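Pasting entry.txt here (compact mmCIF, C-alpha atoms and all ligand atoms):
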# COMPACT_ATOMS: atom_id res chain seq x y z
CA MET A 1 -105.92 6.56 -79.11
CA ALA A 2 -105.52 6.05 -75.37
CA ALA A 3 -105.30 2.30 -75.89
CA ALA A 4 -102.69 2.82 -78.59
CA GLY A 5 -100.84 5.13 -76.17
CA SER A 6 -100.82 2.34 -73.60
CA ALA A 7 -99.64 -0.22 -76.12
CA VAL A 8 -96.87 1.80 -77.77
CA GLY A 9 -94.14 2.36 -75.24
CA LEU A 10 -90.80 1.09 -74.04
CA GLY A 11 -91.97 -2.40 -75.00
CA ASN A 12 -91.74 -1.50 -78.67
CA ILE A 13 -88.67 0.67 -78.82
CA TRP A 14 -86.53 -0.51 -75.94
CA LYS A 15 -87.58 -4.10 -75.29
CA PHE A 16 -88.47 -5.45 -78.73
CA PRO A 17 -85.11 -4.77 -80.42
CA TYR A 18 -82.98 -6.12 -77.61
CA THR A 19 -85.16 -9.19 -77.06
CA ALA A 20 -85.10 -9.91 -80.79
CA GLY A 21 -81.32 -9.49 -80.68
CA GLN A 22 -80.92 -11.88 -77.77
CA SER A 23 -83.36 -14.42 -79.20
CA GLY A 24 -81.73 -14.93 -82.56
CA GLY A 25 -83.42 -12.33 -84.77
CA GLY A 26 -85.60 -13.38 -87.73
CA ALA A 27 -87.10 -16.55 -86.28
CA PHE A 28 -88.08 -14.70 -83.10
CA VAL A 29 -89.64 -11.90 -85.15
CA ALA A 30 -91.61 -14.38 -87.28
CA ILE A 31 -92.95 -16.21 -84.22
CA TYR A 32 -93.75 -12.90 -82.51
CA LEU A 33 -95.74 -11.75 -85.56
CA PHE A 34 -97.57 -15.08 -85.64
CA PHE A 35 -98.54 -14.67 -81.98
CA VAL A 36 -99.59 -11.05 -82.49
CA ILE A 37 -101.97 -12.04 -85.29
CA PHE A 38 -103.43 -15.24 -83.88
CA ILE A 39 -103.28 -14.63 -80.14
CA GLY A 40 -102.72 -10.91 -79.52
CA PHE A 41 -105.51 -9.71 -81.80
CA SER A 42 -108.01 -12.16 -80.35
CA VAL A 43 -107.08 -11.44 -76.74
CA MET A 44 -107.29 -7.69 -77.28
CA LEU A 45 -110.71 -8.05 -78.87
CA THR A 46 -111.74 -10.20 -75.90
CA GLU A 47 -110.53 -7.62 -73.37
CA PHE A 48 -112.28 -4.75 -75.20
CA THR A 49 -115.46 -6.81 -75.40
CA ILE A 50 -115.47 -7.71 -71.70
CA GLY A 51 -114.75 -4.09 -70.78
CA ARG A 52 -117.44 -2.53 -72.93
CA ARG A 53 -119.98 -5.20 -71.99
CA THR A 54 -119.50 -4.85 -68.23
CA GLU A 55 -118.64 -1.13 -68.32
CA ARG A 56 -116.18 -1.76 -65.52
CA SER A 57 -112.42 -1.81 -65.06
CA ALA A 58 -110.55 -5.08 -64.63
CA VAL A 59 -111.42 -6.40 -61.18
CA GLY A 60 -115.00 -5.08 -61.27
CA ALA A 61 -115.57 -6.61 -64.70
CA PHE A 62 -114.86 -10.10 -63.38
CA LYS A 63 -116.51 -9.57 -60.02
CA SER A 64 -119.76 -8.27 -61.49
CA THR A 65 -120.09 -11.46 -63.54
CA ASP A 66 -118.88 -14.03 -61.04
CA ARG A 67 -117.12 -13.33 -57.74
CA ARG A 68 -115.03 -16.45 -58.11
CA TRP A 69 -113.29 -14.91 -61.11
CA SER A 70 -112.16 -11.74 -59.28
CA PHE A 71 -108.74 -13.31 -58.78
CA VAL A 72 -107.97 -12.82 -62.49
CA GLY A 73 -108.41 -9.08 -62.00
CA VAL A 74 -106.31 -9.20 -58.86
CA LEU A 75 -103.58 -11.09 -60.71
CA GLY A 76 -103.63 -8.23 -63.22
CA VAL A 77 -103.18 -5.71 -60.41
CA VAL A 78 -100.20 -7.63 -59.03
CA THR A 79 -98.73 -7.83 -62.54
CA GLY A 80 -99.19 -4.08 -62.95
CA LEU A 81 -97.34 -3.48 -59.69
CA LEU A 82 -94.48 -5.72 -60.72
CA ILE A 83 -94.12 -4.19 -64.20
CA MET A 84 -94.04 -0.82 -62.47
CA GLY A 85 -91.21 -2.29 -60.42
CA PHE A 86 -88.86 -1.89 -63.41
CA TYR A 87 -90.62 0.18 -66.09
CA PRO A 88 -89.92 3.52 -64.36
CA VAL A 89 -86.23 2.61 -64.13
CA VAL A 90 -86.05 2.53 -67.94
CA GLY A 91 -88.41 5.51 -68.20
CA GLY A 92 -85.90 7.34 -65.99
CA TRP A 93 -83.05 6.41 -68.36
CA SER A 94 -85.03 7.90 -71.20
CA LEU A 95 -85.60 11.15 -69.31
CA ALA A 96 -81.93 11.24 -68.36
CA TYR A 97 -80.97 10.91 -72.01
CA VAL A 98 -82.96 14.00 -72.92
CA PHE A 99 -80.73 15.92 -70.54
CA LYS A 100 -77.54 14.07 -71.38
CA ILE A 101 -78.01 14.81 -75.07
CA GLY A 102 -78.80 18.43 -74.26
CA GLY A 103 -75.55 18.41 -72.27
CA GLY A 104 -73.42 17.30 -75.22
CA LEU A 105 -73.40 13.49 -75.06
CA LEU A 106 -73.17 13.26 -78.84
CA SER A 107 -69.97 15.28 -79.09
CA GLU A 108 -67.91 12.22 -78.20
CA PRO A 109 -69.39 9.30 -80.16
CA ALA A 110 -66.72 6.83 -79.03
CA ALA A 111 -67.69 7.31 -75.39
CA ILE A 112 -71.46 6.77 -75.83
CA SER A 113 -71.44 3.05 -75.16
CA ASP A 114 -69.29 3.25 -72.02
CA SER A 115 -71.22 6.21 -70.76
CA PHE A 116 -74.44 4.17 -70.78
CA GLY A 117 -72.76 1.32 -68.90
CA SER A 118 -71.38 3.56 -66.22
CA PHE A 119 -74.66 5.47 -65.96
CA ILE A 120 -76.91 2.48 -65.22
CA THR A 121 -74.46 0.81 -62.88
CA ASN A 122 -74.03 4.00 -60.86
CA PRO A 123 -76.10 3.49 -57.71
CA ILE A 124 -77.43 7.02 -57.30
CA GLN A 125 -77.97 8.74 -60.67
CA PRO A 126 -80.46 6.32 -62.22
CA LEU A 127 -82.41 6.28 -58.96
CA MET A 128 -82.89 10.00 -59.13
CA TRP A 129 -84.12 9.81 -62.71
CA MET A 130 -86.40 6.92 -61.83
CA GLY A 131 -87.79 9.07 -59.00
CA ALA A 132 -88.37 11.96 -61.37
CA TYR A 133 -90.11 9.70 -63.86
CA LEU A 134 -92.30 8.11 -61.20
CA LEU A 135 -93.17 11.55 -59.88
CA LEU A 136 -94.47 12.54 -63.32
CA ASN A 137 -96.70 9.47 -63.27
CA ILE A 138 -97.92 10.27 -59.78
CA VAL A 139 -98.82 13.86 -60.65
CA ILE A 140 -100.63 12.85 -63.83
CA VAL A 141 -102.63 10.02 -62.29
CA MET A 142 -103.29 11.82 -59.00
CA ARG A 143 -104.78 14.82 -60.72
CA GLY A 144 -106.67 12.60 -63.13
CA ILE A 145 -105.17 14.56 -66.03
CA SER A 146 -104.19 11.67 -68.22
CA GLY A 147 -106.14 13.47 -70.95
CA GLY A 148 -103.37 16.09 -70.99
CA ILE A 149 -100.56 13.66 -71.46
CA GLU A 150 -102.58 11.85 -74.11
CA LYS A 151 -102.85 15.14 -76.00
CA ALA A 152 -99.09 15.56 -75.73
CA GLY A 153 -98.79 11.99 -76.99
CA LYS A 154 -100.87 12.81 -80.04
CA ILE A 155 -98.20 15.27 -81.14
CA LEU A 156 -95.08 13.64 -79.77
CA MET A 157 -95.76 10.04 -80.75
CA PRO A 158 -95.98 10.88 -84.47
CA ILE A 159 -92.73 12.83 -84.01
CA LEU A 160 -91.17 9.77 -82.43
CA PHE A 161 -92.42 7.75 -85.38
CA ILE A 162 -90.81 10.17 -87.82
CA MET A 163 -87.57 10.05 -85.82
CA LEU A 164 -87.61 6.27 -86.07
CA ILE A 165 -87.89 6.65 -89.83
CA VAL A 166 -84.98 9.13 -89.84
CA VAL A 167 -82.90 6.68 -87.78
CA SER A 168 -83.84 3.84 -90.13
CA ILE A 169 -82.83 5.74 -93.24
CA LYS A 170 -79.56 6.81 -91.69
CA GLY A 171 -78.89 3.30 -90.41
CA LEU A 172 -79.65 1.71 -93.77
CA SER A 173 -77.26 4.06 -95.52
CA LEU A 174 -74.27 2.85 -93.50
CA PRO A 175 -71.88 0.31 -95.01
CA GLY A 176 -72.66 -3.22 -93.88
CA ALA A 177 -76.22 -2.34 -92.89
CA SER A 178 -77.91 -5.00 -94.99
CA ALA A 179 -76.65 -7.71 -92.64
CA GLY A 180 -78.91 -6.14 -90.01
CA LEU A 181 -81.99 -6.46 -92.18
CA GLU A 182 -81.10 -10.04 -92.92
CA PHE A 183 -80.69 -10.76 -89.22
CA LEU A 184 -84.10 -9.26 -88.50
CA PHE A 185 -86.14 -10.69 -91.36
CA LYS A 186 -84.47 -13.90 -92.48
CA PRO A 187 -85.66 -16.53 -90.06
CA ASP A 188 -83.34 -19.31 -89.05
CA PHE A 189 -85.56 -21.71 -87.16
CA SER A 190 -82.73 -24.08 -86.34
CA GLU A 191 -81.89 -22.12 -83.19
CA VAL A 192 -85.47 -21.89 -81.92
CA ASP A 193 -86.15 -23.53 -78.58
CA SER A 194 -88.97 -23.32 -76.06
CA GLY A 195 -87.36 -20.26 -74.46
CA VAL A 196 -87.44 -18.30 -77.73
CA ILE A 197 -91.09 -19.20 -78.29
CA LEU A 198 -92.05 -18.10 -74.77
CA ALA A 199 -90.06 -14.87 -75.22
CA ALA A 200 -92.01 -14.15 -78.43
CA LEU A 201 -95.33 -14.82 -76.70
CA GLY A 202 -94.36 -12.65 -73.74
CA GLN A 203 -93.22 -9.85 -76.02
CA ALA A 204 -96.56 -9.93 -77.86
CA PHE A 205 -98.51 -9.64 -74.59
CA PHE A 206 -96.26 -7.00 -73.08
CA SER A 207 -96.17 -4.85 -76.16
CA LEU A 208 -99.93 -4.97 -76.71
CA SER A 209 -100.66 -4.30 -73.00
CA LEU A 210 -102.56 -7.58 -72.74
CA GLY A 211 -103.16 -10.12 -70.03
CA MET A 212 -103.66 -7.84 -67.03
CA GLY A 213 -107.01 -6.28 -67.76
CA CYS A 214 -105.61 -2.94 -68.89
CA MET A 215 -107.50 -3.20 -72.17
CA ILE A 216 -110.64 -4.23 -70.25
CA THR A 217 -110.50 -0.82 -68.59
CA TYR A 218 -110.01 0.95 -71.92
CA GLY A 219 -112.81 -1.17 -73.40
CA SER A 220 -115.14 0.13 -70.71
CA TYR A 221 -114.56 3.67 -72.02
CA LEU A 222 -115.40 2.73 -75.63
CA LYS A 223 -118.70 4.02 -76.99
CA LYS A 224 -121.38 1.52 -77.90
CA LYS A 225 -121.29 2.58 -81.53
CA GLU A 226 -117.53 2.06 -81.86
CA ASN A 227 -116.46 -0.84 -84.06
CA LEU A 228 -114.50 -3.11 -81.70
CA VAL A 229 -112.91 -5.24 -84.40
CA GLN A 230 -111.67 -2.18 -86.26
CA THR A 231 -110.37 -0.54 -83.08
CA THR A 232 -108.50 -3.72 -82.18
CA GLY A 233 -107.05 -3.93 -85.68
CA MET A 234 -105.83 -0.36 -85.51
CA VAL A 235 -104.18 -0.67 -82.10
CA VAL A 236 -102.52 -3.96 -83.03
CA ALA A 237 -101.29 -2.60 -86.37
CA MET A 238 -99.89 0.59 -84.83
CA ASP A 239 -98.16 -1.22 -82.01
CA THR A 240 -96.64 -3.87 -84.24
CA GLY A 241 -95.67 -1.34 -86.89
CA VAL A 242 -93.74 0.72 -84.34
CA ALA A 243 -91.96 -2.35 -82.99
CA ILE A 244 -90.86 -3.52 -86.44
CA LEU A 245 -89.80 0.00 -87.36
CA ALA A 246 -87.74 0.16 -84.17
CA GLY A 247 -86.07 -3.07 -85.28
CA VAL A 248 -85.31 -1.61 -88.70
CA ALA A 249 -83.96 1.51 -87.00
CA MET A 250 -81.67 -0.45 -84.72
CA PHE A 251 -80.27 -3.57 -86.43
CA PRO A 252 -78.73 -2.24 -89.64
CA ALA A 253 -76.90 0.41 -87.61
CA MET A 254 -75.79 -2.15 -85.05
CA PHE A 255 -74.26 -4.38 -87.68
CA ALA A 256 -72.62 -1.38 -89.29
CA PHE A 257 -71.17 -0.30 -85.92
CA GLY A 258 -70.13 -3.84 -85.04
CA ILE A 259 -72.32 -3.94 -81.92
CA GLU A 260 -73.37 -7.43 -80.81
CA PRO A 261 -77.08 -8.16 -81.50
CA ALA A 262 -77.31 -9.69 -78.03
CA ALA A 263 -76.00 -6.49 -76.42
CA GLY A 264 -79.02 -6.34 -74.10
CA PRO A 265 -81.14 -3.62 -72.51
CA GLY A 266 -78.77 -0.82 -73.45
CA LEU A 267 -79.31 -1.19 -77.18
CA VAL A 268 -81.53 1.80 -77.91
CA PHE A 269 -79.51 4.01 -75.57
CA VAL A 270 -76.29 3.20 -77.38
CA VAL A 271 -77.26 2.73 -81.02
CA VAL A 272 -79.60 5.70 -81.44
CA PRO A 273 -77.24 8.33 -79.95
CA GLN A 274 -74.35 6.92 -81.99
CA LEU A 275 -76.35 7.21 -85.18
CA PHE A 276 -77.44 10.74 -84.46
CA ALA A 277 -73.89 11.65 -83.52
CA GLU A 278 -72.92 10.81 -87.10
CA MET A 279 -75.30 13.46 -88.38
CA GLY A 280 -73.57 16.46 -86.92
CA GLY A 281 -75.56 19.45 -85.63
CA ALA A 282 -79.03 18.33 -86.77
CA GLY A 283 -78.36 15.01 -85.04
CA THR A 284 -78.55 16.57 -81.58
CA MET A 285 -81.94 18.10 -82.39
CA PHE A 286 -83.23 14.77 -83.74
CA ALA A 287 -81.86 12.87 -80.77
CA LEU A 288 -83.57 15.27 -78.38
CA LEU A 289 -86.87 14.79 -80.18
CA PHE A 290 -86.36 11.04 -80.14
CA PHE A 291 -85.84 10.80 -76.38
CA VAL A 292 -88.58 13.31 -75.56
CA GLY A 293 -90.90 11.23 -77.76
CA LEU A 294 -89.72 8.01 -76.12
CA SER A 295 -90.28 9.46 -72.64
CA VAL A 296 -93.82 10.51 -73.52
CA ALA A 297 -94.54 7.14 -75.15
CA ALA A 298 -93.29 5.51 -71.96
CA LEU A 299 -95.46 7.81 -69.83
CA THR A 300 -98.68 7.06 -71.72
CA SER A 301 -97.96 3.37 -71.06
CA SER A 302 -96.94 3.60 -67.42
CA ILE A 303 -99.89 5.76 -66.43
CA SER A 304 -102.10 2.97 -67.76
CA LEU A 305 -100.21 0.52 -65.56
CA LEU A 306 -100.46 2.75 -62.51
CA GLU A 307 -104.13 3.37 -63.21
CA VAL A 308 -104.90 -0.38 -63.14
CA VAL A 309 -103.56 -0.55 -59.57
CA VAL A 310 -105.08 2.78 -58.52
CA SER A 311 -108.59 2.04 -59.81
CA TYR A 312 -108.49 -1.28 -57.96
CA LEU A 313 -107.60 0.45 -54.69
CA ILE A 314 -110.29 3.09 -55.23
CA ASP A 315 -113.08 0.72 -56.32
CA GLU A 316 -112.38 -2.30 -54.16
CA LYS A 317 -110.49 -0.92 -51.16
CA LYS A 318 -112.47 2.32 -51.03
CA MET A 319 -109.37 4.50 -50.91
CA SER A 320 -109.30 8.11 -52.03
CA ARG A 321 -107.54 8.78 -55.35
CA ILE A 322 -104.67 10.53 -53.61
CA GLY A 323 -104.27 7.73 -51.06
CA ALA A 324 -104.44 5.09 -53.77
CA VAL A 325 -101.83 6.79 -55.97
CA LEU A 326 -99.49 7.36 -53.05
CA SER A 327 -99.69 3.85 -51.63
CA ALA A 328 -99.32 2.24 -55.06
CA SER A 329 -96.36 4.38 -55.94
CA VAL A 330 -94.58 3.83 -52.65
CA VAL A 331 -94.59 0.10 -53.36
CA MET A 332 -93.51 0.74 -56.96
CA ALA A 333 -90.69 3.05 -55.90
CA PHE A 334 -89.48 0.44 -53.46
CA LEU A 335 -89.45 -2.28 -56.14
CA CYS A 336 -87.77 0.09 -58.59
CA ILE A 337 -84.96 0.82 -56.14
CA PHE A 338 -84.18 -2.90 -56.00
CA ALA A 339 -84.49 -3.19 -59.77
CA SER A 340 -82.22 -0.24 -60.47
CA LEU A 341 -79.57 -1.23 -57.95
CA SER A 342 -79.54 -4.81 -59.23
CA LEU A 343 -78.07 -3.57 -62.52
CA GLY A 344 -75.04 -2.39 -60.62
CA GLY A 345 -74.82 -5.81 -58.97
CA VAL A 346 -76.20 -4.52 -55.66
CA GLY A 347 -78.97 -6.24 -53.70
CA PRO A 348 -80.47 -9.71 -53.38
CA THR A 349 -80.63 -12.18 -56.26
CA ILE A 350 -82.89 -15.15 -56.96
CA PHE A 351 -81.19 -18.00 -58.86
CA ASP A 352 -78.39 -15.57 -59.64
CA THR A 353 -80.85 -13.16 -61.21
CA GLY A 354 -81.19 -9.58 -59.98
CA ALA A 355 -84.48 -7.85 -59.17
CA PHE A 356 -84.73 -6.05 -62.53
CA ASP A 357 -84.61 -9.30 -64.49
CA VAL A 358 -86.80 -11.16 -62.00
CA PHE A 359 -89.65 -8.63 -62.34
CA ASP A 360 -89.23 -8.59 -66.11
CA LEU A 361 -89.16 -12.39 -66.43
CA LEU A 362 -92.04 -12.98 -64.04
CA THR A 363 -94.33 -10.47 -65.68
CA ASP A 364 -93.92 -10.85 -69.41
CA LYS A 365 -93.01 -14.50 -69.51
CA VAL A 366 -95.43 -15.78 -66.88
CA PHE A 367 -98.06 -13.43 -65.46
CA LEU A 368 -99.24 -11.68 -68.63
CA ALA A 369 -99.51 -14.90 -70.63
CA VAL A 370 -101.28 -16.72 -67.80
CA GLY A 371 -103.56 -13.70 -67.31
CA GLY A 372 -104.37 -13.74 -71.03
CA MET A 373 -105.13 -17.43 -70.85
CA LEU A 374 -107.50 -16.93 -67.90
CA ILE A 375 -109.23 -14.01 -69.64
CA CYS A 376 -109.85 -16.25 -72.67
CA ILE A 377 -111.15 -19.08 -70.49
CA PHE A 378 -113.44 -16.62 -68.72
CA ALA A 379 -114.81 -15.28 -72.01
CA GLY A 380 -115.10 -18.67 -73.69
CA TRP A 381 -116.47 -20.75 -70.84
CA ARG A 382 -118.11 -18.34 -68.42
CA LEU A 383 -119.64 -15.67 -70.64
CA ASN A 384 -122.53 -16.28 -72.98
CA LYS A 385 -121.63 -16.72 -76.65
CA GLN A 386 -124.59 -14.71 -77.93
CA ASP A 387 -123.80 -11.84 -75.52
CA LEU A 388 -120.26 -11.74 -76.83
CA LYS A 389 -121.50 -11.72 -80.40
CA ASP A 390 -123.97 -8.92 -79.66
CA GLU A 391 -121.24 -6.83 -78.03
CA ILE A 392 -118.68 -7.37 -80.79
CA THR A 393 -121.13 -6.74 -83.62
CA ASN A 394 -122.93 -3.82 -81.91
CA GLN A 395 -126.14 -5.89 -81.74
CA GLY A 396 -125.69 -7.09 -85.30
CA ASP A 397 -125.00 -3.63 -86.74
CA LYS A 398 -121.38 -4.37 -87.57
CA PRO A 399 -121.17 -8.00 -88.68
CA PHE A 400 -117.91 -9.77 -87.89
CA ALA A 401 -117.35 -12.47 -90.49
CA LEU A 402 -114.66 -14.21 -88.47
CA PHE A 403 -116.67 -14.39 -85.24
CA GLU A 404 -116.77 -18.20 -85.16
CA LEU A 405 -113.02 -18.41 -85.76
CA TRP A 406 -112.34 -15.83 -83.03
CA TYR A 407 -114.63 -17.68 -80.63
CA ALA A 408 -112.97 -21.04 -81.30
CA LEU A 409 -109.55 -19.48 -80.85
CA VAL A 410 -110.52 -17.86 -77.55
CA LYS A 411 -112.40 -20.84 -76.17
CA TYR A 412 -110.07 -23.68 -77.14
CA VAL A 413 -106.95 -22.89 -79.09
CA ILE A 414 -105.41 -19.94 -77.21
CA PRO A 415 -105.74 -21.37 -73.68
CA VAL A 416 -104.15 -24.64 -74.78
CA ALA A 417 -101.47 -22.90 -76.84
CA ILE A 418 -100.50 -20.58 -73.98
CA ALA A 419 -100.41 -23.45 -71.51
CA ILE A 420 -98.08 -25.45 -73.76
CA VAL A 421 -95.77 -22.53 -74.57
CA ALA A 422 -95.61 -21.35 -70.95
CA ILE A 423 -94.99 -24.79 -69.46
CA ALA A 424 -92.38 -25.72 -72.07
CA GLY A 425 -90.67 -22.33 -71.74
CA ILE A 426 -90.57 -22.35 -67.96
CA TYR A 427 -89.47 -25.97 -67.91
CA GLY A 428 -86.71 -25.11 -70.37
CA GLY A 429 -85.48 -22.57 -67.83
CA PHE A 430 -86.38 -19.41 -69.82
CA THR A 431 -83.31 -19.80 -71.97
N1 LIG B 1 -97.43 -2.02 -73.71
C1 LIG B 1 -96.50 -1.25 -72.94
C2 LIG B 1 -95.22 -1.11 -73.72
O1 LIG B 1 -95.07 -1.73 -74.78
O2 LIG B 1 -94.33 -0.41 -73.29
C3 LIG B 1 -96.28 -1.83 -71.57
C4 LIG B 1 -97.55 -2.21 -70.87
C5 LIG B 1 -98.51 -1.25 -70.57
C6 LIG B 1 -97.79 -3.55 -70.56
C7 LIG B 1 -99.70 -1.60 -69.97
C8 LIG B 1 -98.98 -3.92 -69.94
C9 LIG B 1 -99.92 -2.93 -69.67
F1 LIG B 1 -101.04 -3.28 -69.09

Written form, structure tokens:
Amino acid sequence: MAAAGSAVGLGNIWKFPYTAGQSGGGAFVAIYLFFVIFIGFSVMLTEFTIGRRTERSAVGAFKSTDRRWSFVGVLGVVTGLLIMGFYPVVGGWSLAYVFKIGGGLLSEPAAISDSFGSFITNPIQPLMWMGAYLLLNIVIVMRGISGGIEKAGKILMPILFIMLIVVSIKGLSLPGASAGLEFLFKPDFSEVDSGVILAALGQAFFSLSLGMGCMITYGSYLKKKENLVQTTGMVVAMDTGVAILAGVAMFPAMFAFGIEPAAGPGLVFVVVPQLFAEMGGAGTMFALLFFVGLSVAALTSSISLLEVVVSYLIDEKKMSRIGAVLSASVVMAFLCIFASLSLGGVGPTIFDTGAFDVFDLLTDKVFLAVGGMLICIFAGWRLNKQDLKDEITNQGDKPFALFELWYALVKYVIPVAIAIVAIAGIYGGFT
């Protein structure tokens, strides 16, 4: 459940719909699903296996096998820091929306879209919400009470799921909604280029929390009798199910409202409130539940990101938990300030791209995929095949019929596939 909590987050509900919208819809979704099944599943199983085998979190897992491989863990830590350089900004938006909706945002449906635009480009307000969101992470991770938030997640995530279904039904009932479903599920491969393929690969890694050793850490907590293949299947299915449902919740309504599919990062913050606004009184209640659920889903993901950095500082740099949390979050807060301000056009840019987009691009389109590739190379070429088989099958107790296929994918196919997709995508200029 904790691994599912890490996987299901802003990546599914905020990022997936707008990335699908910007990347042409159906073809992107089809390629994303292909990557989830053939790469995501295998990489998650690999991370769980390494974690449970070594009983260590990311950096320690590599180091205990071969010091020369520690850099893969360290790359994961850097990636975690960078993702936390923008994730809390969006987490803060979600928190803010709980209060904005409580304060009557839905009473003026026509103003919802503009209100989002002026909110995120305001230099001060989003920073305060980001600070509040980061503070929640700090308190949870500092006190080592992630168990508490996971319990909250067990109640609130199903509620979020139900709200997504409510949004979907409402969206589908609007005139013109079917065009949205067509956009999402009818692939048109003629527009696919290397950038779209890399975006789909990055989305699969980001959404499943793969490529930075996060799932190695969760694997180390798994009991020896747990069925790794089944656990992987469940986490992948839940994560992907939520993403697709978020797509179904968003696109029909967007087409009905005449919002551009490529509208960008504001999508969920504009479409969902508009839909709920159409429902009258009950809509406000639903919208509140939706954004509380989204905030908790975001929290269960970001604490896993923060924890990757914190456990590295504690284990390898011998810091105290409090010191580790504080130093990690100071760096994160600093990065987030740049990220948040960049949306209002303030601060430095690299190739005309602001900090928010730079952190986002670097992490999900480069670091996570490269991390995943290195994790596969490590498992396939450095670890012993029989050891892997013993770990996955619980010493033969739980046979895994597709072991040879998984092994071949991890050892040969995935590293080559990621290298090709990443090089072509980066060469194509991320477009
Ligand atoms: N999977 C999370 C989401 O979809 O929001 C984000 C994430 C968490 C990425 C943890 C990577 C990670 F290690």

If I wrap all listed atoms of ligand LIG 1 (chain B) in a box with edges along x, y and z and add 8 Å on each side, what are its centre and edge lengths in Å to one decimal, as lines of an AutoDock Vina configuration file?
center_x = -97.7
center_y = -2.2
center_z = -71.9
size_x = 22.7
size_y = 19.5
size_z = 21.7

Item to check | Selection: 10 Å around Arg53 in chain A, only C-alpha atoms, excl. self and same-chain fewer than 3 positions, as a VMD selection string | outcome: chain A and resid 47 to 50 56 61 216 219 to 220 222 224 387 to 388 390 to 392

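Comparing A:Leu164, A:Pro187, A:Leu135, A:Gly211 by their smallest distance to Gly371 in chain A, the closest is A:Gly211 (using only C-alpha atoms).
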
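Of the listed residues (A:Phe367, A:Phe291, A:Tyr221, A:Tyr407), A:Phe291 comes nearest to Leu160 in chain A; the distances count all atoms listed in the file.
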
Next on the checklist: Just to confirm, what's the straight-line distance from CA of Phe255 in chain A to CA of Gly180 in chain A in Å (one decimal)?
Outcome noted: 5.5 Å

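The coordinates place CA of Gly293 in chain A at 27.1 Å from CA of Val331 in chain A.
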
Item to check | Contacts with ligand LIG 1 (chain B) at most 7 Å, all atoms listed in the file counted, listed as a count of residues only | outcome: 21

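Between CA of Glu307 in chain A and CA of Ile322 in chain A lies a distance of 12.0 Å.
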
Next on the checklist: Please list as a PyMOL selection string every residue within 10 Å of range 121-124 of chain A, counting only C-alpha atoms and excluding residues in the same chain fewer than 6 positions away.
Outcome noted: chain A and resi 337+340-346

List every residue of range 261-322 of chain A that has an atom at most 12 Å from any atom of range 108-120 of chain A, giving for each one its closest atom pair and the distance in Å to one decimal, counting only C-alpha atoms, sorted by chain and then by ascending residue number, as a tab-separated table.
residue	atom	partner	partner_atom	distance
A:Ala263	CA	A:Ser113	CA	10.6
A:Gly264	CA	A:Gly117	CA	11.2
A:Pro265	CA	A:Gly117	CA	10.4
A:Gly266	CA	A:Phe116	CA	7.1
A:Leu267	CA	A:Ser113	CA	9.2
A:Val268	CA	A:Phe116	CA	10.3
A:Phe269	CA	A:Phe116	CA	7.0
A:Val270	CA	A:Ser113	CA	5.3
A:Val271	CA	A:Ser113	CA	8.3
A:Val272	CA	A:Ile112	CA	9.9
A:Pro273	CA	A:Ile112	CA	7.3
A:Gln274	CA	A:Pro109	CA	5.8
A:Leu275	CA	A:Pro109	CA	8.8
A:Phe276	CA	A:Pro109	CA	9.2
A:Ala277	CA	A:Pro109	CA	6.1
A:Glu278	CA	A:Pro109	CA	7.9
A:Met279	CA	A:Pro109	CA	10.9
A:Gly280	CA	A:Pro109	CA	10.7
A:Gly283	CA	A:Pro109	CA	11.7
A:Thr284	CA	A:Pro109	CA	11.8

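Residue nearest Met157 in chain A, chosen from A:Leu174, A:Ile138, A:Met238, A:Val192 and counting only C-alpha atoms: A:Met238.
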